[in-house]
Structure formats: C-alpha cells, structure tokens
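Data block for data.csv (CSV, C-alpha atoms):
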```csv
chain,number,residue,atom,x,y,z
A,1,MET,CA,-48.3,-184.9,146.7
A,2,SER,CA,-51.1,-184.3,144.3
A,3,ARG,CA,-54.6,-183.7,145.4
A,4,LYS,CA,-57.0,-186.6,145.3
A,5,ALA,CA,-59.6,-186.4,142.5
A,6,THR,CA,-63.0,-185.9,144.2
A,7,ILE,CA,-65.1,-186.4,141.1
A,8,THR,CA,-65.1,-189.5,139.0
A,9,GLN,CA,-65.7,-190.1,135.4
A,10,LYS,CA,-68.9,-192.0,136.2
A,11,GLU,CA,-70.2,-189.0,138.1
A,12,ILE,CA,-69.4,-186.7,135.2
A,13,VAL,CA,-71.2,-189.1,132.8
A,14,ASN,CA,-74.2,-189.3,135.1
A,15,ALA,CA,-74.4,-185.5,135.3
A,16,ALA,CA,-74.1,-185.2,131.5
A,17,PHE,CA,-76.7,-188.0,131.0
A,18,LYS,CA,-79.1,-186.1,133.3
A,19,ILE,CA,-78.7,-182.9,131.2
A,20,THR,CA,-79.0,-184.8,128.0
A,21,LYS,CA,-82.2,-186.5,129.2
A,22,LYS,CA,-83.8,-183.2,130.2
A,23,GLU,CA,-82.4,-180.8,127.6
A,24,GLY,CA,-80.4,-182.7,124.9
A,25,PHE,CA,-76.7,-183.3,124.5
A,26,GLU,CA,-76.2,-180.2,122.5
A,27,GLN,CA,-77.1,-178.1,125.6
A,28,ILE,CA,-74.1,-179.4,127.6
A,29,THR,CA,-71.5,-176.9,128.3
A,30,SER,CA,-68.5,-177.4,130.5
A,31,ARG,CA,-69.9,-174.9,133.0
A,32,LYS,CA,-73.4,-176.4,133.0
A,33,LEU,CA,-71.9,-179.9,133.4
A,34,ALA,CA,-69.6,-178.7,136.2
A,35,ALA,CA,-72.5,-177.2,138.1
A,36,SER,CA,-74.6,-180.4,137.6
A,37,ALA,CA,-71.7,-182.6,138.8
A,38,GLY,CA,-70.9,-180.3,141.7
A,39,CYS,CA,-67.3,-179.5,140.6
A,40,SER,CA,-65.3,-177.0,138.7
A,41,THR,CA,-64.6,-177.4,135.0
A,42,GLN,CA,-61.0,-178.6,135.7
A,43,PRO,CA,-61.9,-182.3,136.6
A,44,ILE,CA,-64.0,-182.5,133.4
A,45,PHE,CA,-61.1,-181.4,131.2
A,46,ARG,CA,-58.7,-183.6,133.1
A,47,ILE,CA,-60.9,-186.7,132.3
A,48,TYR,CA,-62.1,-185.6,128.9
A,49,GLU,CA,-59.9,-183.9,126.4
A,50,ASN,CA,-62.9,-182.8,124.4
A,51,MET,CA,-66.7,-183.4,124.2
A,52,ASP,CA,-66.4,-186.3,121.7
A,53,GLY,CA,-65.2,-188.7,124.5
A,54,LEU,CA,-68.0,-187.5,126.8
A,55,LYS,CA,-70.5,-187.8,124.0
A,56,LYS,CA,-69.5,-191.4,123.4
A,57,ASP,CA,-69.9,-192.2,127.1
A,58,VAL,CA,-73.3,-190.5,127.3
A,59,TYR,CA,-74.3,-192.3,124.1
A,60,ASP,CA,-73.4,-195.6,125.6
A,61,LYS,CA,-75.3,-194.8,128.8
A,62,ALA,CA,-78.3,-193.8,126.7
A,63,ALA,CA,-78.1,-197.0,124.7
A,64,ALA,CA,-78.1,-199.1,127.9
A,65,TYR,CA,-81.0,-197.0,129.2
A,66,TYR,CA,-83.0,-197.8,126.0
A,67,GLU,CA,-82.3,-201.5,126.3
A,68,ASP,CA,-83.4,-201.5,129.9
A,69,TYR,CA,-86.5,-199.6,128.9
A,70,TYR,CA,-87.4,-202.1,126.2
A,71,ASN,CA,-86.6,-205.1,128.4
A,72,GLU,CA,-88.9,-203.8,131.2
A,73,PHE,CA,-91.6,-202.8,128.7
A,74,ASN,CA,-94.8,-204.9,129.2
A,75,LYS,CA,-95.1,-207.0,126.0
A,76,THR,CA,-98.6,-208.4,125.7
A,77,HIS,CA,-99.5,-208.2,122.0
A,78,ASP,CA,-99.6,-211.3,119.7
A,79,VAL,CA,-99.2,-209.4,116.4
A,80,PRO,CA,-95.5,-209.2,115.5
A,81,PHE,CA,-93.7,-205.9,115.8
A,82,VAL,CA,-96.5,-204.2,117.8
A,83,ASP,CA,-94.7,-204.4,121.2
A,84,LEU,CA,-91.4,-203.4,119.5
A,85,GLY,CA,-93.2,-200.4,118.0
A,86,LEU,CA,-95.1,-199.4,121.1
A,87,ALA,CA,-91.9,-199.5,123.2
A,88,TYR,CA,-89.9,-197.5,120.6
A,89,ILE,CA,-92.7,-194.8,120.2
A,90,GLY,CA,-93.2,-194.7,124.0
A,91,PHE,CA,-89.4,-194.1,124.5
A,92,ALA,CA,-89.6,-191.3,122.0
A,93,GLN,CA,-92.5,-189.7,123.7
A,94,LYS,CA,-91.1,-190.1,127.2
A,95,TYR,CA,-87.4,-189.4,126.5
A,96,PRO,CA,-87.3,-187.2,123.3
A,97,HIS,CA,-83.8,-186.0,123.9
A,98,LEU,CA,-82.4,-189.5,124.4
A,99,PHE,CA,-84.3,-190.7,121.4
A,100,THR,CA,-82.8,-187.9,119.3
A,101,LEU,CA,-79.3,-188.8,120.5
A,102,LEU,CA,-79.7,-192.5,119.8
A,103,PHE,CA,-81.9,-192.6,116.7
A,104,ILE,CA,-81.9,-189.3,114.9
A,105,SER,CA,-78.7,-187.3,115.5
A,106,GLY,CA,-76.3,-189.5,113.5
A,107,GLN,CA,-73.8,-189.3,116.3
A,108,GLU,CA,-70.8,-191.7,116.5
A,109,THR,CA,-72.3,-194.9,117.7
A,110,GLY,CA,-69.2,-197.0,118.5
A,111,GLY,CA,-70.0,-199.1,115.4
A,112,ARG,CA,-73.6,-199.9,116.5
A,113,SER,CA,-76.3,-199.4,114.0
A,114,MET,CA,-79.9,-198.4,114.8
A,115,TYR,CA,-80.8,-202.0,114.2
A,116,ASP,CA,-78.2,-203.1,116.8
A,117,LEU,CA,-79.7,-200.7,119.3
A,118,VAL,CA,-83.2,-201.9,118.8
A,119,ASN,CA,-82.2,-205.6,118.5
A,120,GLY,CA,-80.3,-205.3,121.8
A,121,SER,CA,-78.5,-208.1,123.6
A,122,GLN,CA,-81.8,-210.0,123.8
A,123,GLU,CA,-82.2,-210.1,120.0
A,124,ASN,CA,-85.6,-208.3,120.1
A,125,VAL,CA,-85.9,-207.8,116.4
A,126,VAL,CA,-84.8,-211.4,115.6
A,127,LYS,CA,-87.6,-212.6,118.0
A,128,GLU,CA,-90.2,-210.5,116.2
A,129,ILE,CA,-89.0,-211.6,112.8
A,130,ASN,CA,-89.3,-215.2,114.0
A,131,LYS,CA,-92.7,-214.6,115.4
A,132,ALA,CA,-93.8,-213.2,112.0
A,133,GLN,CA,-92.4,-216.3,110.3
A,134,GLN,CA,-94.3,-218.5,112.7
A,135,LYS,CA,-97.5,-216.5,111.8
A,136,GLY,CA,-97.0,-217.3,108.1
A,137,ALA,CA,-95.2,-214.2,106.8
A,138,LYS,CA,-93.6,-215.1,103.5
A,139,ASN,CA,-90.8,-212.6,103.7
A,140,ALA,CA,-90.4,-211.7,107.4
A,141,GLN,CA,-87.2,-209.7,106.8
A,142,GLN,CA,-88.9,-207.4,104.3
A,143,LEU,CA,-91.9,-207.2,106.5
A,144,PHE,CA,-89.7,-206.0,109.3
A,145,MET,CA,-88.1,-203.3,107.1
A,146,GLN,CA,-91.6,-202.0,106.1
A,147,MET,CA,-92.8,-202.0,109.7
A,148,TRP,CA,-89.5,-200.5,110.9
A,149,ILE,CA,-89.9,-197.5,108.5
A,150,PHE,CA,-93.4,-197.1,109.8
A,151,ILE,CA,-92.4,-197.4,113.5
A,152,HIS,CA,-89.3,-195.1,113.1
A,153,GLY,CA,-91.5,-192.5,111.4
A,154,ALA,CA,-94.0,-192.6,114.3
A,155,GLY,CA,-91.1,-192.3,116.8
A,156,CYS,CA,-89.7,-189.2,115.0
A,157,MET,CA,-93.2,-187.7,114.9
A,158,ALA,CA,-93.4,-188.3,118.7
A,159,VAL,CA,-90.3,-186.3,119.2
A,160,THR,CA,-91.6,-183.4,117.2
A,161,GLY,CA,-94.9,-183.5,119.0
A,162,ASP,CA,-96.8,-184.6,115.9
A,163,TYR,CA,-97.8,-188.0,117.3
A,164,ASP,CA,-100.5,-187.9,119.9
A,165,LEU,CA,-102.2,-191.2,119.6
A,166,ASP,CA,-103.1,-193.1,122.8
A,167,GLU,CA,-101.9,-196.7,123.3
A,168,ALA,CA,-105.1,-198.3,121.9
A,169,SER,CA,-104.9,-196.2,118.8
A,170,SER,CA,-101.2,-197.0,118.4
A,171,VAL,CA,-101.9,-200.7,118.7
A,172,SER,CA,-104.7,-200.5,116.1
A,173,MET,CA,-102.4,-198.6,113.7
A,174,LEU,CA,-99.5,-201.0,114.2
A,175,GLU,CA,-101.7,-204.0,113.7
A,176,SER,CA,-103.3,-202.5,110.6
A,177,ALA,CA,-99.8,-201.7,109.2
A,178,TYR,CA,-98.7,-205.2,109.8
A,179,LYS,CA,-101.8,-206.6,108.1
A,180,ALA,CA,-101.4,-204.3,105.1
A,181,PHE,CA,-97.6,-205.0,104.7
A,182,SER,CA,-98.3,-208.7,105.1
A,183,LEU,CA,-100.5,-208.7,102.0
A,184,GLY,CA,-97.9,-207.1,99.7
```
Would you put the structure from the file into structure tokens?
Amino acid sequence: MSRKATITQKEIVNAAFKITKKEGFEQITSRKLAASAGCSTQPIFRIYENMDGLKKDVYDKAAAYYEDYYNEFNKTHDVPFVDLGLAYIGFAQKYPHLFTLLFISGQETGGRSMYDLVNGSQENVVKEINKAQQKGAKNAQQLFMQMWIFIHGAGCMAVTGDYDLDEASSVSMLESAYKAFSLG
C-alpha cells in the first residue's frame, strides 16, 4: 500500500506564489519551495515534472490575483483610462514581482495577451474605451493604445523604482495624457 500524499498541488502552488510575490519566480528552487510548502522535494517532483508546469500554475494564480486587485480597486475618476492606469501602476508598485511575471517577463501565458489580462473577465478595457467614446473620442481604440503605452511605461518605471508620484500627481498626469492624446 502506497503512502498517502500529504501535500497537494494547490499547497505547492500557494507556496510558489508566496515566494514569487516576495522574491520573484526566478528565485524559486525546489529546496526553497519544499521548505516553504513544509515538505521534501519529492512531492514537488511527483506533481511537477519540471518548473514549466509550476510556472504556468503560478502565472494563472498571479493573473487571478491581478484581476481581483483590479476588481476591488476603488474606481472614482470620470476621465477614461485614469482608474485603469492607477490600478495598473498601483499593482506594479505594490507587487513588483507579480507585475514582472505577468506584464514584463514574456513568460508563457496560456494564450492570454497582456490585453486579455488587463481587460479581464469584466471587460475593463472595453468599458474604458466605451467611456471614451461616450465622452466624444473620435478614435477611442487608438486613444486606448496611446494611453496604454503611457500606462505600461509608468508601471514598468514603478517596478524599477523610477516612479515615485503620489496618487494625486498620477491622476493629474493620466488626465493630462488623456487630454493631449485626445487632441491628436
């Protein structure tokens, strides 16, 4: 009779996610993961043949974490794309390693693009594009692309520590960018 597995795949993923959130996925080793999960390395290798499968599961958990973060984000601004930008930049500031995994690393995404992640199941981007159209934007899709390049750049700067604006300054910057891009 074989011994009952005492550690589950979910527990391993949760331990790997915790390490990723704190240190980055690239810092995960089988020994560090085993220590975090409270097991030996054997159950990890029994469940995962290699790190690719684990990375996919951690990526999926990080994507769900971002979607929850965005859905819970307090959206109070009338100017299109401001709340989207604030949430994205805020996530980068608060969870730089998760942001890097999701939006910078170029890891296997299970067929999801960056747009898919930001749009989420609630169609966050579509809602913002519609809001821009309702506010008179002539080409809201192009306006989104211009804002997105701006927002993503700010998120990347937040990860590297080069973005230190407070929320009021960020709002002002995003509103100014929207206004400027709307003119062109």
Restricting the calculation to all atoms listed in the file: of A:Val118, A:Ala15, A:Ile104, A:Met147, which residue gets closest to Ala64 (chain A)?
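With all atoms listed in the file as the atom set, the closest residue is A:Val118.
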Residue neighbourhood Lys10 (chain A), 12 Å, all atoms listed in the file, exclusion window fewer than 2 positions, as a PyMOL selection string:
chain A and resi 6-8+12-17+37+43-44+47-48+54+57-58+61
Identify, on the basis of only C-alpha atoms, every residue whose closest approach to Ser30 (chain A) does not exceed 10 Å; exclude the query and any residue fewer than 5 positions from it along the same chain; express the result as a ChimeraX atom specification.
/A:16,35-36,40-42,44-45,50-51
CA of Val171 (chain A) to CA of Met157 (chain A), straight-line distance in Å:
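Spanning CA of Met157 (chain A) to CA of Val171 (chain A) is a straight-line distance of 16.1 Å.
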Select, from A:Ser105, A:Thr100, A:Gln93, A:Ser182, the residue with the minimum atom-to-atom distance to Gly136 (chain A), counting all atoms listed in the file.
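Between A:Ser105, A:Thr100, A:Gln93, A:Ser182, the residue approaching Gly136 (chain A) most closely is A:Ser182.
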Got a sec: who's within 12 Å of Asn119 (chain A), counting only C-alpha atoms, leaving out chain neighbours fewer than 5 positions off, as a PDB file with C-alpha atoms, in the coordinates of the input?
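Listing of result16.pdb after writing:
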```pdb
ATOM      1  CA  ALA A  63     -78.100-197.000 124.700  1.00  0.00           C
ATOM      2  CA  TYR A  66     -83.000-197.800 126.000  1.00  0.00           C
ATOM      3  CA  GLU A  67     -82.300-201.500 126.300  1.00  0.00           C
ATOM      4  CA  TYR A  70     -87.400-202.100 126.200  1.00  0.00           C
ATOM      5  CA  ASN A  71     -86.600-205.100 128.400  1.00  0.00           C
ATOM      6  CA  PHE A  81     -93.700-205.900 115.800  1.00  0.00           C
ATOM      7  CA  LEU A  84     -91.400-203.400 119.500  1.00  0.00           C
ATOM      8  CA  TYR A  88     -89.900-197.500 120.600  1.00  0.00           C
ATOM      9  CA  ARG A 112     -73.600-199.900 116.500  1.00  0.00           C
ATOM     10  CA  SER A 113     -76.300-199.400 114.000  1.00  0.00           C
ATOM     11  CA  MET A 114     -79.900-198.400 114.800  1.00  0.00           C
ATOM     12  CA  ASN A 124     -85.600-208.300 120.100  1.00  0.00           C
ATOM     13  CA  VAL A 125     -85.900-207.800 116.400  1.00  0.00           C
ATOM     14  CA  VAL A 126     -84.800-211.400 115.600  1.00  0.00           C
ATOM     15  CA  LYS A 127     -87.600-212.600 118.000  1.00  0.00           C
ATOM     16  CA  GLU A 128     -90.200-210.500 116.200  1.00  0.00           C
ATOM     17  CA  ILE A 129     -89.000-211.600 112.800  1.00  0.00           C
ATOM     18  CA  PHE A 144     -89.700-206.000 109.300  1.00  0.00           C
ATOM     19  CA  TRP A 148     -89.500-200.500 110.900  1.00  0.00           C
TER      20      TRP A 148
END
```
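Going from CA of Val159 (chain A) over to CA of Pro96 (chain A), you cover 5.2 Å.
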Would you compute the distance between CA of His97 (chain A) and CA of Ile19 (chain A)? Give it in Å to one decimal.
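Distance reported for this atom pair: 9.4 Å.
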Nearest residue to His152 (chain A) out of A:Ala168, A:Ala140, A:Ala92, A:Leu101, using all atoms listed in the file?
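The answer is A:Ala92, which sits nearest to His152 (chain A).
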Considering only C-alpha atoms, can you say which of A:Ala87, A:Lys18, A:Cys156, A:Asp68 comes closest to Gly120 (chain A)?
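Closest to Gly120 (chain A) of all the choices is A:Asp68.
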